[in-house]
>>> print(open('input05.pdb').read())   # PDB, C-alpha atoms
MODEL        1
ATOM      1  CA  MET A 987       3.686 -27.294 -18.051  1.00  0.00           C
ATOM      2  CA  LYS A 988       0.741 -26.456 -15.857  1.00  0.00           C
ATOM      3  CA  TYR A 989       1.426 -25.453 -12.288  1.00  0.00           C
ATOM      4  CA  ASN A 990      -0.545 -24.076  -9.376  1.00  0.00           C
ATOM      5  CA  GLU A 991       0.711 -20.895  -7.775  1.00  0.00           C
ATOM      6  CA  ASN A 992       2.024 -21.522  -4.277  1.00  0.00           C
ATOM      7  CA  VAL A 993       3.873 -18.263  -3.526  1.00  0.00           C
ATOM      8  CA  GLY A 994       1.805 -15.440  -2.061  1.00  0.00           C
ATOM      9  CA  THR A 995       2.237 -11.711  -2.657  1.00  0.00           C
ATOM     10  CA  PHE A 996       4.177 -10.984   0.538  1.00  0.00           C
ATOM     11  CA  ASP A 997       6.418 -13.989  -0.097  1.00  0.00           C
ATOM     12  CA  GLN A 998       6.906 -12.749  -3.659  1.00  0.00           C
ATOM     13  CA  TYR A 999       8.161  -9.359  -2.407  1.00  0.00           C
ATOM     14  CA  ILE A1000      10.542 -11.083   0.001  1.00  0.00           C
ATOM     15  CA  ARG A1001      11.925 -13.121  -2.894  1.00  0.00           C
ATOM     16  CA  TYR A1002      12.478  -9.975  -4.988  1.00  0.00           C
ATOM     17  CA  PHE A1003      14.268  -8.327  -2.058  1.00  0.00           C
ATOM     18  CA  LEU A1004      16.471 -11.407  -1.593  1.00  0.00           C
ATOM     19  CA  ALA A1005      17.237 -11.408  -5.313  1.00  0.00           C
ATOM     20  CA  ILE A1006      18.580  -7.865  -4.986  1.00  0.00           C
ATOM     21  CA  VAL A1007      20.615  -8.828  -1.903  1.00  0.00           C
ATOM     22  CA  PHE A1008      22.085 -11.869  -3.688  1.00  0.00           C
ATOM     23  CA  LEU A1009      22.880  -9.734  -6.726  1.00  0.00           C
ATOM     24  CA  VAL A1010      24.885  -7.313  -4.591  1.00  0.00           C
ATOM     25  CA  LEU A1011      26.610 -10.204  -2.813  1.00  0.00           C
ATOM     26  CA  SER A1012      27.548 -11.744  -6.157  1.00  0.00           C
ATOM     27  CA  PHE A1013      29.469  -8.580  -7.071  1.00  0.00           C
ATOM     28  CA  VAL A1014      31.055  -8.152  -3.638  1.00  0.00           C
ATOM     29  CA  PHE A1015      31.993 -11.712  -2.695  1.00  0.00           C
ATOM     30  CA  ASN A1016      31.479 -14.489  -5.168  1.00  0.00           C
ATOM     31  CA  LEU A1017      29.731 -15.015  -8.480  1.00  0.00           C
ATOM     32  CA  TRP A1018      27.943 -18.088  -7.063  1.00  0.00           C
ATOM     33  CA  PHE A1019      25.491 -15.769  -5.284  1.00  0.00           C
ATOM     34  CA  PHE A1020      24.144 -14.971  -8.752  1.00  0.00           C
ATOM     35  CA  VAL A1021      22.573 -18.448  -8.795  1.00  0.00           C
ATOM     36  CA  GLY A1022      20.526 -17.402  -5.744  1.00  0.00           C
ATOM     37  CA  THR A1023      19.556 -14.221  -7.577  1.00  0.00           C
ATOM     38  CA  ILE A1024      18.175 -16.175 -10.508  1.00  0.00           C
ATOM     39  CA  ILE A1025      16.307 -18.651  -8.294  1.00  0.00           C
ATOM     40  CA  MET A1026      14.698 -15.955  -6.138  1.00  0.00           C
ATOM     41  CA  PHE A1027      13.690 -13.824  -9.123  1.00  0.00           C
ATOM     42  CA  VAL A1028      12.228 -16.703 -11.165  1.00  0.00           C
ATOM     43  CA  THR A1029      10.264 -18.196  -8.250  1.00  0.00           C
ATOM     44  CA  GLY A1030       8.926 -14.743  -7.375  1.00  0.00           C
ATOM     45  CA  TYR A1031       7.979 -13.905 -10.947  1.00  0.00           C
ATOM     46  CA  PHE A1032       6.161 -17.175 -11.670  1.00  0.00           C
ATOM     47  CA  LYS A1033       4.739 -17.416  -8.120  1.00  0.00           C
ATOM     48  CA  PHE A1034       5.786 -21.061  -7.983  1.00  0.00           C
ATOM     49  CA  SER A1035       8.324 -22.763  -5.755  1.00  0.00           C
ATOM     50  CA  GLY A1036       9.332 -26.356  -6.376  1.00  0.00           C
ATOM     51  CA  PHE A1037      10.460 -26.659  -2.756  1.00  0.00           C
ATOM     52  CA  TYR A1038       7.044 -25.530  -1.505  1.00  0.00           C
ATOM     53  CA  LYS A1039       5.441 -28.094  -3.816  1.00  0.00           C
ATOM     54  CA  LEU A1040       7.767 -30.804  -2.476  1.00  0.00           C
ATOM     55  CA  ILE A1041       6.876 -30.164   1.168  1.00  0.00           C
ATOM     56  CA  GLY A1042       3.228 -29.376   0.395  1.00  0.00           C
ATOM     57  CA  ILE A1043       2.834 -25.779   1.578  1.00  0.00           C
ATOM     58  CA  SER A1044       1.447 -22.662  -0.045  1.00  0.00           C
ATOM     59  CA  THR A1045       1.570 -19.010   0.990  1.00  0.00           C
ATOM     60  CA  CYS A1046      -1.209 -17.962  -1.406  1.00  0.00           C
ATOM     61  CA  LYS A1047      -4.532 -16.806  -0.061  1.00  0.00           C
ATOM     62  CA  ILE A1048      -7.367 -19.286  -0.492  1.00  0.00           C
ATOM     63  CA  LYS A1049      -9.606 -18.213  -3.351  1.00  0.00           C
ATOM     64  CA  GLU A1050     -13.266 -18.399  -2.465  1.00  0.00           C
ATOM     65  CA  SER A1051     -15.664 -19.807  -4.993  1.00  0.00           C
ATOM     66  CA  SER A1052     -18.051 -17.253  -6.462  1.00  0.00           C
ATOM     67  CA  GLU A1053     -20.637 -19.921  -7.223  1.00  0.00           C
ATOM     68  CA  GLU A1054     -23.479 -20.209  -4.758  1.00  0.00           C
ATOM     69  CA  ASP A1055     -25.425 -23.414  -4.238  1.00  0.00           C
ATOM     70  CA  VAL A1056     -28.998 -23.012  -5.378  1.00  0.00           C
ATOM     71  CA  ASP A1057     -31.462 -25.558  -3.957  1.00  0.00           C
TER      72      ASP A1057
ENDMDL
END
>>> encode(input="input05.pdb", output="structure tokens")
Amino acid sequence: MKYNENVGTFDQYIRYFLAIVFLVLSFVFNLWFFVGTIIMFVTGYFKFSGFYKLIGISTCKIKESSEEDVD
């Protein structure tokens, strides 16, 4: 499956932090928080969010083309 990255670096770090928070919450309160841990870690690792794709946003920086037009 080919996908375009839509999660930027800062957003990726936030997702890793939330994965750690959800992991702790899964041990303290309920095991269902572990589902949030998996989602946050996977979306951060692959830099792709299905929800972002659904609503059409991206937090990645725009890559500039290195090709210059020669006339």
>>> resolve_selection(input="input05.pdb", expression="the PyMOL selection byres ((chain A and resi 1034) around 10)", output="VMD selection string")
chain A and resid 989 to 994 998 1028 to 1033 1035 to 1039 1044
>>> atom_distance(input="input05.pdb", atom1="CA of Arg1001 in chain A", atom2="CA of Gly1022 in chain A")
10.0 Å
>>> atom_distance(input="input05.pdb", atom1="CA of Ser1012 in chain A", atom2="CA of Phe996 in chain A")
24.3 Å
>>> residues_around(input="input05.pdb", residues="Met1026 in chain A", least_positions_apart="6", cutoff="7 Å", atoms="all atoms listed in the file", output="list in words")
Arg1001, Tyr1002, Leu1004 and Ala1005 of chain A
>>> atom_distance(input="input05.pdb", atom1="CA of Asp997 in chain A", atom2="CA of Val1021 in chain A")
18.9 Å
>>> axis_aligned_box(input="input05.pdb", around="range 1032-1051 of chain A", padding_each_side="4 Å", output="AutoDock Vina command-line options")
--center_x -2.6 --center_y -23.8 --center_z -5.0 --size_x 34.1 --size_y 22.0 --size_z 21.2
>>> decode(input="input05.pdb", residues="chain A", atoms="C-alpha atoms", output="CSV table (one decimal), in the first residue's frame")
chain,number,residue,atom,x,y,z
A,987,MET,CA,0.0,0.0,0.0
A,988,LYS,CA,1.4,3.3,-1.0
A,989,TYR,CA,0.7,6.3,1.2
A,990,ASN,CA,1.8,9.9,1.4
A,991,GLU,CA,3.2,11.1,4.7
A,992,ASN,CA,0.8,13.6,6.4
A,993,VAL,CA,2.3,13.7,10.0
A,994,GLY,CA,5.1,16.2,10.6
A,995,THR,CA,8.0,15.8,12.9
A,996,PHE,CA,6.6,17.9,15.8
A,997,ASP,CA,3.3,16.0,15.5
A,998,GLN,CA,5.2,12.8,15.5
A,999,TYR,CA,6.9,13.6,18.8
A,1000,ILE,CA,3.5,14.6,20.3
A,1001,ARG,CA,2.2,11.2,19.2
A,1002,TYR,CA,5.1,9.4,20.8
A,1003,PHE,CA,4.6,11.3,24.0
A,1004,LEU,CA,0.8,10.5,24.0
A,1005,ALA,CA,1.7,6.8,23.4
A,1006,ILE,CA,3.8,6.8,26.6
A,1007,VAL,CA,1.0,8.6,28.5
A,1008,PHE,CA,-1.6,6.1,27.3
A,1009,LEU,CA,0.7,3.2,28.2
A,1010,VAL,CA,1.0,4.4,31.8
A,1011,LEU,CA,-2.8,5.0,31.9
A,1012,SER,CA,-3.4,1.4,30.6
A,1013,PHE,CA,-1.5,0.1,33.7
A,1014,VAL,CA,-3.1,2.5,36.2
A,1015,PHE,CA,-6.7,2.5,35.0
A,1016,ASN,CA,-7.9,0.3,32.3
A,1017,LEU,CA,-6.3,-1.9,29.6
A,1018,TRP,CA,-8.4,-0.2,26.9
A,1019,PHE,CA,-5.9,2.7,27.0
A,1020,PHE,CA,-3.4,0.3,25.4
A,1021,VAL,CA,-5.4,0.7,22.2
A,1022,GLY,CA,-4.6,4.4,22.2
A,1023,THR,CA,-0.9,3.5,22.8
A,1024,ILE,CA,-0.8,1.3,19.7
A,1025,ILE,CA,-2.6,3.9,17.5
A,1026,MET,CA,-0.4,6.8,18.6
A,1027,PHE,CA,2.8,4.8,18.2
A,1028,VAL,CA,1.9,3.3,14.8
A,1029,THR,CA,0.7,6.7,13.3
A,1030,GLY,CA,3.9,8.4,14.6
A,1031,TYR,CA,6.2,5.7,13.3
A,1032,PHE,CA,4.7,5.5,9.8
A,1033,LYS,CA,4.1,9.3,9.7
A,1034,PHE,CA,0.6,8.6,8.4
A,1035,SER,CA,-2.8,9.3,9.9
A,1036,GLY,CA,-6.0,8.0,8.4
A,1037,PHE,CA,-8.0,10.6,10.2
A,1038,TYR,CA,-5.8,13.4,8.7
A,1039,LYS,CA,-6.3,11.8,5.2
A,1040,LEU,CA,-10.1,11.7,5.8
A,1041,ILE,CA,-10.3,15.4,6.6
A,1042,GLY,CA,-7.6,16.4,4.1
A,1043,ILE,CA,-4.9,18.0,6.3
A,1044,SER,CA,-1.2,17.5,6.6
A,1045,THR,CA,1.3,18.7,9.2
A,1046,CYS,CA,4.3,17.9,7.0
A,1047,LYS,CA,6.4,20.7,5.7
A,1048,ILE,CA,6.0,21.3,1.9
A,1049,LYS,CA,8.9,19.9,0.0
A,1050,GLU,CA,10.3,22.3,-2.5
A,1051,SER,CA,11.2,21.0,-5.9
A,1052,SER,CA,14.9,21.0,-6.7
A,1053,GLU,CA,14.4,21.2,-10.4
A,1054,GLU,CA,14.7,24.6,-11.9
A,1055,ASP,CA,12.9,25.6,-15.1
A,1056,VAL,CA,15.4,26.3,-17.9
A,1057,ASP,CA,14.1,28.4,-20.8
